[in-house]
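One file, query-v4.pdb, carrying PDB, C-alpha atoms:
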```
ATOM      1  CA  MET A   1       0.000   0.000   0.000
ATOM      2  CA  ALA A   2       1.457   3.337  -1.041
ATOM      3  CA  PRO A   3       2.176   5.941   1.623
ATOM      4  CA  GLY A   4      -0.787   8.232   2.156
ATOM      5  CA  ASN A   5      -3.343   5.639   1.041
ATOM      6  CA  GLU A   6      -3.375   3.506   4.173
ATOM      7  CA  ASN A   7      -7.071   4.215   4.863
ATOM      8  CA  LYS A   8      -8.252   4.234   1.247
ATOM      9  CA  ASP A   9     -10.243   0.994   1.409
ATOM     10  CA  LEU A  10     -11.571   1.318   4.953
ATOM     11  CA  PRO A  11     -15.330   1.871   5.289
ATOM     12  CA  LEU A  12     -16.488   5.365   6.209
ATOM     13  CA  PRO A  13     -17.962   5.810   9.709
ATOM     14  CA  PRO A  14     -21.744   6.140   9.861
ATOM     15  CA  VAL A  15     -23.077   9.686   9.535
ATOM     16  CA  PRO A  16     -24.746  10.813  12.784
ATOM     17  CA  ASP A  17     -28.456  11.459  12.505
ATOM     18  CA  VAL A  18     -28.194  15.186  13.153
ATOM     19  CA  VAL A  19     -28.681  16.648   9.702
ATOM     20  CA  SER A  20     -32.433  16.988  10.085
ATOM     21  CA  LYS A  21     -31.972  18.727  13.445
ATOM     22  CA  MET A  22     -29.431  21.278  12.206
ATOM     23  CA  PRO A  23     -30.852  24.766  11.551
ATOM     24  CA  TRP A  24     -30.814  25.576   7.849
ATOM     25  CA  ILE A  25     -30.229  29.024   6.365
ATOM     26  CA  GLN A  26     -33.086  29.725   3.981
ATOM     27  CA  LEU A  27     -32.450  32.077   1.114
ATOM     28  CA  GLY A  28     -34.990  34.304  -0.596
ATOM     29  CA  ASP A  29     -37.552  33.258  -3.183
ATOM     30  CA  PHE A  30     -36.872  32.897  -6.901
ATOM     31  CA  GLU A  31     -40.280  34.279  -7.782
ATOM     32  CA  VAL A  32     -40.351  38.072  -7.743
ATOM     33  CA  ALA A  33     -44.014  38.046  -6.735
ATOM     34  CA  SER A  34     -43.258  36.288  -3.450
ATOM     35  CA  SER A  35     -39.798  37.763  -2.818
ATOM     36  CA  ARG A  36     -39.266  40.011   0.194
ATOM     37  CA  THR A  37     -36.487  41.766  -1.752
ATOM     38  CA  PRO A  38     -37.999  42.521  -5.180
ATOM     39  CA  PRO A  39     -36.436  45.011  -7.586
ATOM     40  CA  PRO A  40     -37.703  48.588  -7.243
ATOM     41  CA  LYS A  41     -40.787  49.586  -9.153
ATOM     42  CA  PRO A  42     -40.233  51.588 -12.358
ATOM     43  CA  TYR A  43     -40.308  55.333 -12.028
ATOM     44  CA  PRO A  44     -43.595  56.946 -13.055
ATOM     45  CA  ALA A  45     -43.682  57.397 -16.820
ATOM     46  CA  ARG A  46     -43.875  61.170 -16.763
ATOM     47  CA  SER A  47     -41.506  61.811 -13.885
ATOM     48  CA  SER A  48     -38.865  64.460 -14.477
ATOM     49  CA  PRO A  49     -35.113  63.891 -14.159
ATOM     50  CA  THR A  50     -35.193  65.820 -10.893
ATOM     51  CA  GLU A  51     -38.001  63.640  -9.537
ATOM     52  CA  ARG A  52     -36.152  60.452 -10.523
ATOM     53  CA  ALA A  53     -32.938  61.729  -8.952
ATOM     54  CA  THR A  54     -34.789  62.469  -5.738
ATOM     55  CA  ALA A  55     -36.549  59.099  -5.709
ATOM     56  CA  ARG A  56     -33.303  57.230  -6.319
ATOM     57  CA  PHE A  57     -31.966  58.132  -2.882
ATOM     58  CA  ASN A  58     -35.240  58.586  -1.047
ATOM     59  CA  VAL A  59     -35.304  57.310   2.532
ATOM     60  CA  HIS A  60     -38.604  56.492   4.182
ATOM     61  CA  GLY A  61     -39.916  55.428   7.554
ATOM     62  CA  ASN A  62     -38.305  55.428  10.973
ATOM     63  CA  ALA A  63     -34.714  54.855  12.051
ATOM     64  CA  VAL A  64     -32.845  53.968  15.216
ATOM     65  CA  LEU A  65     -29.253  55.142  15.573
ATOM     66  CA  THR A  66     -27.182  53.729  18.419
ATOM     67  CA  GLY A  67     -24.497  56.045  19.697
ATOM     68  CA  GLY A  68     -26.967  58.477  18.237
ATOM     69  CA  THR A  69     -25.773  61.747  19.763
ATOM     70  CA  GLY A  70     -22.144  61.343  18.723
ATOM     71  CA  MET A  71     -20.810  63.541  15.938
ATOM     72  CA  LEU A  72     -20.813  60.923  13.177
ATOM     73  CA  ALA A  73     -24.325  59.799  14.077
ATOM     74  CA  ILE A  74     -25.788  63.304  14.319
ATOM     75  CA  VAL A  75     -24.394  64.314  10.937
ATOM     76  CA  SER A  76     -25.703  61.104   9.369
ATOM     77  CA  ALA A  77     -29.074  61.550  11.072
ATOM     78  CA  ARG A  78     -29.381  64.978   9.491
ATOM     79  CA  ALA A  79     -28.627  63.493   6.063
ATOM     80  CA  LEU A  80     -31.271  60.789   6.496
ATOM     81  CA  LEU A  81     -33.834  63.402   7.495
ATOM     82  CA  GLU A  82     -32.912  65.495   4.450
ATOM     83  CA  HIS A  83     -33.619  62.475   2.254
ATOM     84  CA  GLY A  84     -37.066  61.822   3.685
ATOM     85  CA  LEU A  85     -36.796  60.016   7.004
ATOM     86  CA  SER A  86     -39.948  60.718   9.022
ATOM     87  CA  GLY A  87     -39.042  59.384  12.473
ATOM     88  CA  LEU A  88     -35.743  59.158  14.347
ATOM     89  CA  ALA A  89     -34.760  57.574  17.652
ATOM     90  CA  LEU A  90     -31.293  58.405  18.955
ATOM     91  CA  PHE A  91     -30.104  55.780  21.443
ATOM     92  CA  ASP A  92     -27.161  56.729  23.650
ATOM     93  CA  LEU A  93     -25.838  56.825  27.192
ATOM     94  CA  PRO A  94     -27.453  59.469  29.436
ATOM     95  CA  ASN A  95     -24.332  61.662  29.675
ATOM     96  CA  ALA A  96     -23.882  61.538  25.890
ATOM     97  CA  ILE A  97     -27.500  62.589  25.362
ATOM     98  CA  GLU A  98     -26.983  65.508  27.736
ATOM     99  CA  LYS A  99     -23.834  66.613  25.872
ATOM    100  CA  GLY A 100     -25.580  66.316  22.521
ATOM    101  CA  LYS A 101     -28.855  68.022  23.465
ATOM    102  CA  ASP A 102     -28.122  71.185  21.448
ATOM    103  CA  ALA A 103     -27.446  69.154  18.301
ATOM    104  CA  VAL A 104     -30.673  67.210  18.837
ATOM    105  CA  GLU A 105     -32.653  70.398  19.313
ATOM    106  CA  ALA A 106     -31.145  71.756  16.091
ATOM    107  CA  LEU A 107     -32.449  68.693  14.252
ATOM    108  CA  ARG A 108     -35.908  69.222  15.709
ATOM    109  CA  ALA A 109     -35.886  72.872  14.696
ATOM    110  CA  ASP A 110     -34.718  72.129  11.156
ATOM    111  CA  PHE A 111     -37.098  69.188  10.611
ATOM    112  CA  PRO A 112     -40.319  70.121  12.414
ATOM    113  CA  SER A 113     -42.408  67.566  10.508
ATOM    114  CA  ALA A 114     -40.228  64.663  11.680
ATOM    115  CA  LYS A 115     -40.594  63.084  15.082
ATOM    116  CA  ILE A 116     -37.203  62.939  16.809
ATOM    117  CA  ILE A 117     -36.724  61.271  20.178
ATOM    118  CA  THR A 118     -33.781  60.366  22.393
ATOM    119  CA  GLN A 119     -33.646  57.215  24.442
ATOM    120  CA  SER A 120     -31.156  56.355  27.183
ATOM    121  CA  CYS A 121     -29.627  53.031  26.260
ATOM    122  CA  ASP A 122     -26.504  50.956  26.915
ATOM    123  CA  VAL A 123     -26.007  48.705  23.897
ATOM    124  CA  THR A 124     -24.435  45.989  26.064
ATOM    125  CA  ASP A 125     -27.645  45.668  28.105
ATOM    126  CA  GLU A 126     -29.882  43.281  26.173
ATOM    127  CA  LYS A 127     -33.036  43.922  28.197
ATOM    128  CA  GLY A 128     -32.433  47.655  28.058
ATOM    129  CA  VAL A 129     -32.011  47.617  24.288
ATOM    130  CA  VAL A 130     -35.173  45.558  23.787
ATOM    131  CA  ALA A 131     -37.099  47.976  26.016
ATOM    132  CA  ALA A 132     -35.674  50.976  24.138
ATOM    133  CA  VAL A 133     -36.706  49.467  20.803
ATOM    134  CA  GLN A 134     -40.234  48.899  22.086
ATOM    135  CA  THR A 135     -40.407  52.512  23.298
ATOM    136  CA  ALA A 136     -39.200  53.778  19.927
ATOM    137  CA  LYS A 137     -41.759  51.640  18.110
ATOM    138  CA  GLN A 138     -44.567  52.906  20.346
ATOM    139  CA  GLN A 139     -43.621  56.528  19.699
ATOM    140  CA  LEU A 140     -42.617  56.347  16.038
ATOM    141  CA  GLY A 141     -44.215  53.248  14.551
ATOM    142  CA  ASN A 142     -42.430  50.386  12.794
ATOM    143  CA  ILE A 143     -38.647  50.714  12.672
ATOM    144  CA  ASN A 144     -37.241  50.007   9.211
ATOM    145  CA  ILE A 145     -33.673  51.360   9.584
ATOM    146  CA  LEU A 146     -30.971  50.659  12.150
ATOM    147  CA  CYS A 147     -27.545  52.295  12.058
ATOM    148  CA  CYS A 148     -25.090  51.175  14.739
ATOM    149  CA  PHE A 149     -22.694  53.991  15.594
ATOM    150  CA  ALA A 150     -22.078  53.084  19.252
ATOM    151  CA  GLY A 151     -18.491  52.063  19.918
ATOM    152  CA  MET A 152     -15.371  52.587  21.994
ATOM    153  CA  VAL A 153     -11.642  52.657  21.296
ATOM    154  CA  GLY A 154      -8.868  51.364  23.530
ATOM    155  CA  CYS A 155      -5.221  52.050  22.654
ATOM    156  CA  VAL A 156      -3.038  49.985  24.969
ATOM    157  CA  PRO A 157      -0.051  47.653  24.505
ATOM    158  CA  SER A 158      -1.450  44.152  24.222
ATOM    159  CA  ALA A 159       0.935  42.703  26.791
ATOM    160  CA  GLU A 160      -0.453  45.174  29.324
ATOM    161  CA  GLN A 161      -4.152  44.992  28.495
ATOM    162  CA  SER A 162      -6.424  43.405  31.073
ATOM    163  CA  ALA A 163      -8.939  40.760  30.111
ATOM    164  CA  ASP A 164     -11.719  42.969  31.486
ATOM    165  CA  HIS A 165     -10.710  45.855  29.228
ATOM    166  CA  TRP A 166     -10.526  43.505  26.239
ATOM    167  CA  ARG A 167     -13.985  42.122  26.994
ATOM    168  CA  LYS A 168     -15.450  45.612  27.403
ATOM    169  CA  ILE A 169     -14.313  46.691  23.928
ATOM    170  CA  ILE A 170     -15.615  43.506  22.320
ATOM    171  CA  ASP A 171     -18.843  43.816  24.295
ATOM    172  CA  VAL A 172     -19.564  47.358  23.119
ATOM    173  CA  ASN A 173     -18.308  47.198  19.545
ATOM    174  CA  THR A 174     -19.365  43.709  18.505
ATOM    175  CA  THR A 175     -21.876  42.301  20.964
ATOM    176  CA  GLY A 176     -23.602  45.676  21.263
ATOM    177  CA  CYS A 177     -24.210  45.719  17.512
ATOM    178  CA  TRP A 178     -25.471  42.138  17.672
ATOM    179  CA  ILE A 179     -27.923  42.956  20.476
ATOM    180  CA  ALA A 180     -29.287  45.999  18.651
ATOM    181  CA  ALA A 181     -29.498  44.202  15.308
ATOM    182  CA  GLN A 182     -31.291  41.207  16.800
ATOM    183  CA  ALA A 183     -33.804  43.395  18.660
ATOM    184  CA  ILE A 184     -34.592  45.455  15.554
ATOM    185  CA  ALA A 185     -34.617  42.432  13.226
ATOM    186  CA  ARG A 186     -37.152  40.659  15.420
ATOM    187  CA  GLU A 187     -39.441  43.657  15.048
ATOM    188  CA  MET A 188     -38.866  43.776  11.297
ATOM    189  CA  ILE A 189     -39.612  40.068  10.975
ATOM    190  CA  SER A 190     -42.715  40.092  13.172
ATOM    191  CA  SER A 191     -44.058  43.170  11.359
ATOM    192  CA  ASN A 192     -43.211  41.609   7.977
ATOM    193  CA  HIS A 193     -41.863  44.845   6.523
ATOM    194  CA  GLY A 194     -38.110  44.253   6.310
ATOM    195  CA  GLY A 195     -35.617  47.073   6.431
ATOM    196  CA  LYS A 196     -31.985  48.177   6.392
ATOM    197  CA  ILE A 197     -29.315  47.503   9.019
ATOM    198  CA  VAL A 198     -25.997  49.337   8.753
ATOM    199  CA  PHE A 199     -23.023  48.618  11.002
ATOM    200  CA  ILE A 200     -20.309  51.240  11.371
ATOM    201  CA  ALA A 201     -17.210  49.085  11.189
ATOM    202  CA  SER A 202     -13.726  50.509  10.533
ATOM    203  CA  ILE A 203     -10.600  50.220   8.453
ATOM    204  CA  SER A 204      -9.291  48.710  11.697
ATOM    205  CA  GLY A 205     -11.269  45.594  10.791
ATOM    206  CA  HIS A 206      -9.243  45.336   7.570
ATOM    207  CA  ARG A 207      -5.710  46.104   8.713
ATOM    208  CA  VAL A 208      -3.524  46.810  11.743
ATOM    209  CA  ASN A 209      -3.480  50.495  12.632
ATOM    210  CA  TYR A 210      -0.218  52.376  13.050
ATOM    211  CA  PRO A 211       1.301  53.632  15.280
ATOM    212  CA  GLN A 212      -1.201  53.075  18.092
ATOM    213  CA  PRO A 213      -1.618  49.528  19.501
ATOM    214  CA  GLN A 214      -5.312  48.571  19.637
ATOM    215  CA  ALA A 215      -5.658  44.825  19.142
ATOM    216  CA  ALA A 216      -9.022  44.573  20.906
ATOM    217  CA  TYR A 217     -10.588  47.340  18.826
ATOM    218  CA  ASN A 218      -9.231  45.897  15.584
ATOM    219  CA  THR A 219     -10.539  42.452  16.503
ATOM    220  CA  SER A 220     -13.967  43.827  17.429
ATOM    221  CA  LYS A 221     -14.336  45.532  14.046
ATOM    222  CA  ALA A 222     -13.086  42.524  12.074
ATOM    223  CA  ALA A 223     -15.679  40.407  13.871
ATOM    224  CA  LEU A 224     -18.341  42.984  13.038
ATOM    225  CA  LEU A 225     -17.546  42.678   9.337
ATOM    226  CA  HIS A 226     -18.102  38.938   9.342
ATOM    227  CA  MET A 227     -21.203  39.253  11.513
ATOM    228  CA  LYS A 228     -22.560  41.536   8.790
ATOM    229  CA  ASN A 229     -21.955  38.789   6.226
ATOM    230  CA  SER A 230     -23.622  36.144   8.364
ATOM    231  CA  LEU A 231     -26.731  38.206   9.075
ATOM    232  CA  ALA A 232     -27.024  39.276   5.444
ATOM    233  CA  ALA A 233     -27.151  35.599   4.500
ATOM    234  CA  GLU A 234     -29.717  34.712   7.156
ATOM    235  CA  TRP A 235     -32.054  37.676   7.124
ATOM    236  CA  THR A 236     -32.407  38.579   3.449
ATOM    237  CA  ARG A 237     -35.351  36.192   3.191
ATOM    238  CA  TYR A 238     -37.195  38.558   5.544
ATOM    239  CA  GLY A 239     -36.478  41.593   3.383
ATOM    240  CA  ILE A 240     -33.662  42.785   5.642
ATOM    241  CA  HIS A 241     -30.495  44.181   4.060
ATOM    242  CA  VAL A 242     -27.399  44.076   6.282
ATOM    243  CA  ASN A 243     -24.356  46.108   5.253
ATOM    244  CA  SER A 244     -21.495  47.999   6.846
ATOM    245  CA  ILE A 245     -19.364  51.086   6.382
ATOM    246  CA  SER A 246     -15.667  51.146   7.279
ATOM    247  CA  PRO A 247     -14.550  54.715   7.978
ATOM    248  CA  GLY A 248     -10.915  55.682   8.076
ATOM    249  CA  TYR A 249      -9.631  58.317  10.468
ATOM    250  CA  MET A 250     -12.406  60.868  10.829
ATOM    251  CA  ASP A 251     -11.931  64.445  11.976
ATOM    252  CA  THR A 252     -14.081  64.361  15.110
ATOM    253  CA  VAL A 253     -13.612  65.581  18.681
ATOM    254  CA  LEU A 254     -12.141  62.178  19.557
ATOM    255  CA  ASN A 255      -9.183  62.886  17.269
ATOM    256  CA  GLU A 256      -8.591  66.496  18.297
ATOM    257  CA  GLY A 257      -6.047  68.008  20.676
ATOM    258  CA  ASP A 258      -2.388  68.973  20.698
ATOM    259  CA  ASP A 259      -1.354  65.651  22.202
ATOM    260  CA  LEU A 260      -2.604  63.841  19.075
ATOM    261  CA  VAL A 261      -0.730  66.012  16.569
ATOM    262  CA  PRO A 262       2.076  63.445  16.014
ATOM    263  CA  TRP A 263      -0.476  60.686  15.454
ATOM    264  CA  ARG A 264      -2.573  62.786  13.088
ATOM    265  CA  ARG A 265       0.548  63.565  11.062
ATOM    266  CA  ILE A 266       1.387  59.874  10.685
ATOM    267  CA  TRP A 267      -2.203  58.990   9.766
ATOM    268  CA  ALA A 268      -2.171  61.685   7.061
ATOM    269  CA  GLU A 269       1.256  60.679   5.766
ATOM    270  CA  ARG A 270       0.041  57.121   5.193
ATOM    271  CA  ASN A 271      -3.030  58.238   3.226
ATOM    272  CA  PRO A 272      -3.019  59.115  -0.501
ATOM    273  CA  MET A 273      -5.292  62.096   0.177
ATOM    274  CA  ARG A 274      -3.002  63.294   3.000
ATOM    275  CA  ARG A 275      -5.849  64.159   5.337
ATOM    276  CA  MET A 276      -8.503  62.797   7.654
ATOM    277  CA  GLY A 277     -12.133  62.450   6.675
ATOM    278  CA  SER A 278     -14.955  64.848   7.448
ATOM    279  CA  PRO A 279     -18.065  63.420   9.165
ATOM    280  CA  GLU A 280     -20.092  64.766   6.224
ATOM    281  CA  GLU A 281     -18.130  62.450   3.918
ATOM    282  CA  LEU A 282     -19.686  59.460   5.654
ATOM    283  CA  THR A 283     -23.240  60.550   4.893
ATOM    284  CA  GLY A 284     -23.274  59.508   1.229
ATOM    285  CA  PRO A 285     -22.741  55.807   1.980
ATOM    286  CA  VAL A 286     -25.198  56.000   4.902
ATOM    287  CA  VAL A 287     -27.931  57.444   2.689
ATOM    288  CA  LEU A 288     -27.119  55.014  -0.122
ATOM    289  CA  LEU A 289     -27.397  51.925   2.083
ATOM    290  CA  CYS A 290     -30.604  53.169   3.730
ATOM    291  CA  SER A 291     -32.275  54.375   0.529
ATOM    292  CA  ASP A 292     -35.251  52.690  -1.087
ATOM    293  CA  VAL A 293     -33.861  52.397  -4.621
ATOM    294  CA  GLY A 294     -30.173  53.213  -4.499
ATOM    295  CA  GLY A 295     -29.475  50.555  -1.894
ATOM    296  CA  SER A 296     -32.050  47.993  -3.012
ATOM    297  CA  TYR A 297     -29.536  45.468  -4.404
ATOM    298  CA  ILE A 298     -26.714  46.055  -1.923
ATOM    299  CA  ASN A 299     -26.512  43.359   0.719
ATOM    300  CA  GLY A 300     -23.619  41.934   2.703
ATOM    301  CA  ALA A 301     -21.370  44.739   1.450
ATOM    302  CA  ASP A 302     -18.792  46.882   3.210
ATOM    303  CA  ILE A 303     -18.122  50.378   1.906
ATOM    304  CA  VAL A 304     -14.676  51.693   2.820
ATOM    305  CA  VAL A 305     -14.552  55.466   3.345
ATOM    306  CA  ASP A 306     -10.910  56.228   4.066
ATOM    307  CA  GLY A 307      -9.462  58.379   1.292
ATOM    308  CA  GLY A 308      -7.647  55.397  -0.140
ATOM    309  CA  GLY A 309      -5.738  54.474   2.995
ATOM    310  CA  LEU A 310      -6.260  50.746   2.478
ATOM    311  CA  VAL A 311      -4.527  50.745  -0.886
ATOM    312  CA  PHE A 312      -1.151  50.576   0.873
TER     313      PHE A 312
END
```
Turn the structure described in the file into structure tokens.
Amino acid sequence: MAPGNENKDLPLPPVPDVVSKMPWIQLGDFEVASSRTPPPKPYPARSSPTERATARFNVHGNAVLTGGTGMLAIVSARALLEHGLSGLALFDLPNAIEKGKDAVEALRADFPSAKIITQSCDVTDEKGVVAAVQTAKQQLGNINILCCFAGMVGCVPSAEQSADHWRKIIDVNTTGCWIAAQAIAREMISSNHGGKIVFIASISGHRVNYPQPQAAYNTSKAALLHMKNSLAAEWTRYGIHVNSISPGYMDTVLNEGDDLVPWRRIWAERNPMRRMGSPEELTGPVVLLCSDVGGSYINGADIVVDGGGLVF
């Protein structure tokens, strides 16, 4: 018997009788008439170019944004309202809501016909998230958009990082998105209306950042990217699109200050555009993925918004 073929003629072991008990991912329907993700309806025959352009990126219904009073979320919330969103629930920690109250009031003043609420919520608290979703549904109606902005960063040498700190970052950035997505998806499924779920991932899920050490954060975002893939596969049959956006270094208050000047210089030097991103530059992908027509055939995708930083 030749080496490597010692077991060639041995009988295979019996297959355990577990196949019928294993959960099975069900995909969508072939028939357009019964599909929960049909192509968009044709534009009205006599619609003008301006009307078609508007309809292409129209956003309808009600949205929940976790980490909702942070800068990236507030700017994106404004964009969604500009494109037609009628109801908005901003979930965040109580102190964050207090800090962001002026920005929230500005949204209410600028969009008086939209209903905008804030809801205290810790995304790592499953019961709290479920309760917050129920409150938002009672006040706004069915929720058809979820954007997960809540997250935390931790820059610490890995040899010095405690297990508790590691778990906290994973819990907020990955598990927190899972808890929010599951709570919203259950409502979408039970209401039979589908919707859009958008995770805010990061270029940190694609590569190792430099020069700051942040293994836990990078791991949490990489996990989020694959969770997006998994949920897109499972939930499309219910009319739920699951996608993500991976921002690069964004010019927010978290990246300000004289002590960060050396880091900002290195981040810019390693980017083809030689600068950080503006929060407004994230709004295009947010609107696209949440839009009725523009995002109707995008599912399981990740849009990188980093000025080309990942090309190196």
Residue members of the PyMOL selection byres ((chain A and resi 177) around 8) in the file shown, as a tab-separated table (two decimals) with C-alpha atoms, in the coordinates of the input:
```
chain	number	residue	atom	x	y	z
A	123	VAL	CA	-26.01	48.70	23.90
A	148	CYS	CA	-25.09	51.18	14.74
A	150	ALA	CA	-22.08	53.08	19.25
A	172	VAL	CA	-19.56	47.36	23.12
A	173	ASN	CA	-18.31	47.20	19.55
A	174	THR	CA	-19.36	43.71	18.50
A	175	THR	CA	-21.88	42.30	20.96
A	176	GLY	CA	-23.60	45.68	21.26
A	178	TRP	CA	-25.47	42.14	17.67
A	179	ILE	CA	-27.92	42.96	20.48
A	180	ALA	CA	-29.29	46.00	18.65
A	181	ALA	CA	-29.50	44.20	15.31
A	199	PHE	CA	-23.02	48.62	11.00
A	224	LEU	CA	-18.34	42.98	13.04
```
Problem - Counting only C-alpha atoms, the residue of A:Gln26, A:Thr124, A:Thr252, A:Asn142 that sits nearest Gly61 (chain A) - result: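 Under the stated criterion, the closest residue is A:Asn142.
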Handout entry: Surrounding residues of Val198 (chain A) excluding itself and chain neighbours under 3 positions, 7 Å, all atoms listed in the file, as a PyMOL selection string
Key = chain A and resi 146-148+242-244
Exercise for the section: Fewer than 4 positions away in the same chain doesn't count, so skip those; otherwise give me all residues within 6 Å of region 272-289 of chain A, counting only C-alpha atoms, as a VMD selection string. Expected result: chain A and resid 72 76 249 to 251 268 294 to 295 307 to 308
Just the residues within 10 Å of region 96-99 of chain A, please, counting only C-alpha atoms, with nothing from its chain fewer than 6 positions along; format it as a CSV table (one decimal) with C-alpha atoms, keeping the file's coordinate frame.
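Final output, saved to result10.csv:
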```csv
chain,number,residue,atom,x,y,z
A,67,GLY,CA,-24.5,56.0,19.7
A,68,GLY,CA,-27.0,58.5,18.2
A,69,THR,CA,-25.8,61.7,19.8
A,70,GLY,CA,-22.1,61.3,18.7
A,90,LEU,CA,-31.3,58.4,19.0
A,118,THR,CA,-33.8,60.4,22.4
A,119,GLN,CA,-33.6,57.2,24.4
A,120,SER,CA,-31.2,56.4,27.2
A,121,CYS,CA,-29.6,53.0,26.3
```
Could the centre and edge lengths of an axis-aligned box, enclosing all atoms of region 47-54 of chain A in the file with 6 Å extra on each side, be given in Å to one decimal as JSON?
```
{"center_x": -37.2, "center_y": 63.1, "center_z": -10.1, "size_x": 20.6, "size_y": 17.4, "size_z": 20.7}
```
Exercise for the section: Might you spell out which residues the PyMOL selection byres ((chain A and resi 233) around 10) would select in the displayed file, as a list in words? Expected result: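 On the file shown, the PyMOL selection byres ((chain A and resi 233) around 10) covers Ile25, Gln26, Leu27, Gly28, Met227, Lys228, Asn229, Ser230, Leu231, Ala232, Glu234, Trp235, Thr236, Arg237, Ile240, His241, Val242, Asn299 and Gly300 of chain A.
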Exercise for the section: Evaluate the PyMOL selection byres ((chain A and resi 153-167) around 12) and record the selected residues as a ChimeraX atom specification, following the chain and residue labels used in the document. Expected result: /A:124,150-152,168-176,202,204,209-221,254-255
Practice task
Measuring atom to atom with only C-alpha atoms, identify which of A:Asn192, A:Asn95, A:Asn62, A:Ser113 is nearest to Leu140 (chain A).
Solution key: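 Among A:Asn192, A:Asn95, A:Asn62, A:Ser113, it is A:Asn62 that comes nearest to Leu140 (chain A).
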Exercise for the section: Name the residues in contact with region 35-49 of chain A at a cut-off of 9 Å, using all atoms listed in the file, excluding same-chain residues fewer than 3 positions from it; report them as a PyMOL selection string. Expected result: chain A and resi 28-32+52-55+192-194+236-241+292-293+296-297
Handout entry: Top pick for closest residue to Lys137 (chain A), considering A:Val75, A:Val64, A:Val104, A:Ile203 and counting only C-alpha atoms
Key =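 Going through A:Val75, A:Val64, A:Val104, A:Ile203 one by one, the smallest distance to Lys137 (chain A) is for A:Val64.
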Handout entry: Proximity to Val133 (chain A) - best of A:Lys101, A:Arg56, A:His226, A:Arg186, only C-alpha atoms
Key =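 Of the candidates, the smallest distance to Val133 (chain A) is held by A:Arg186.
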Practice task
Can you work out the spacing between CA of Ser86 (chain A) and CA of Ile143 (chain A) in Å, to one decimal?
Solution key: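 Between these atoms lies a distance of 10.7 Å.
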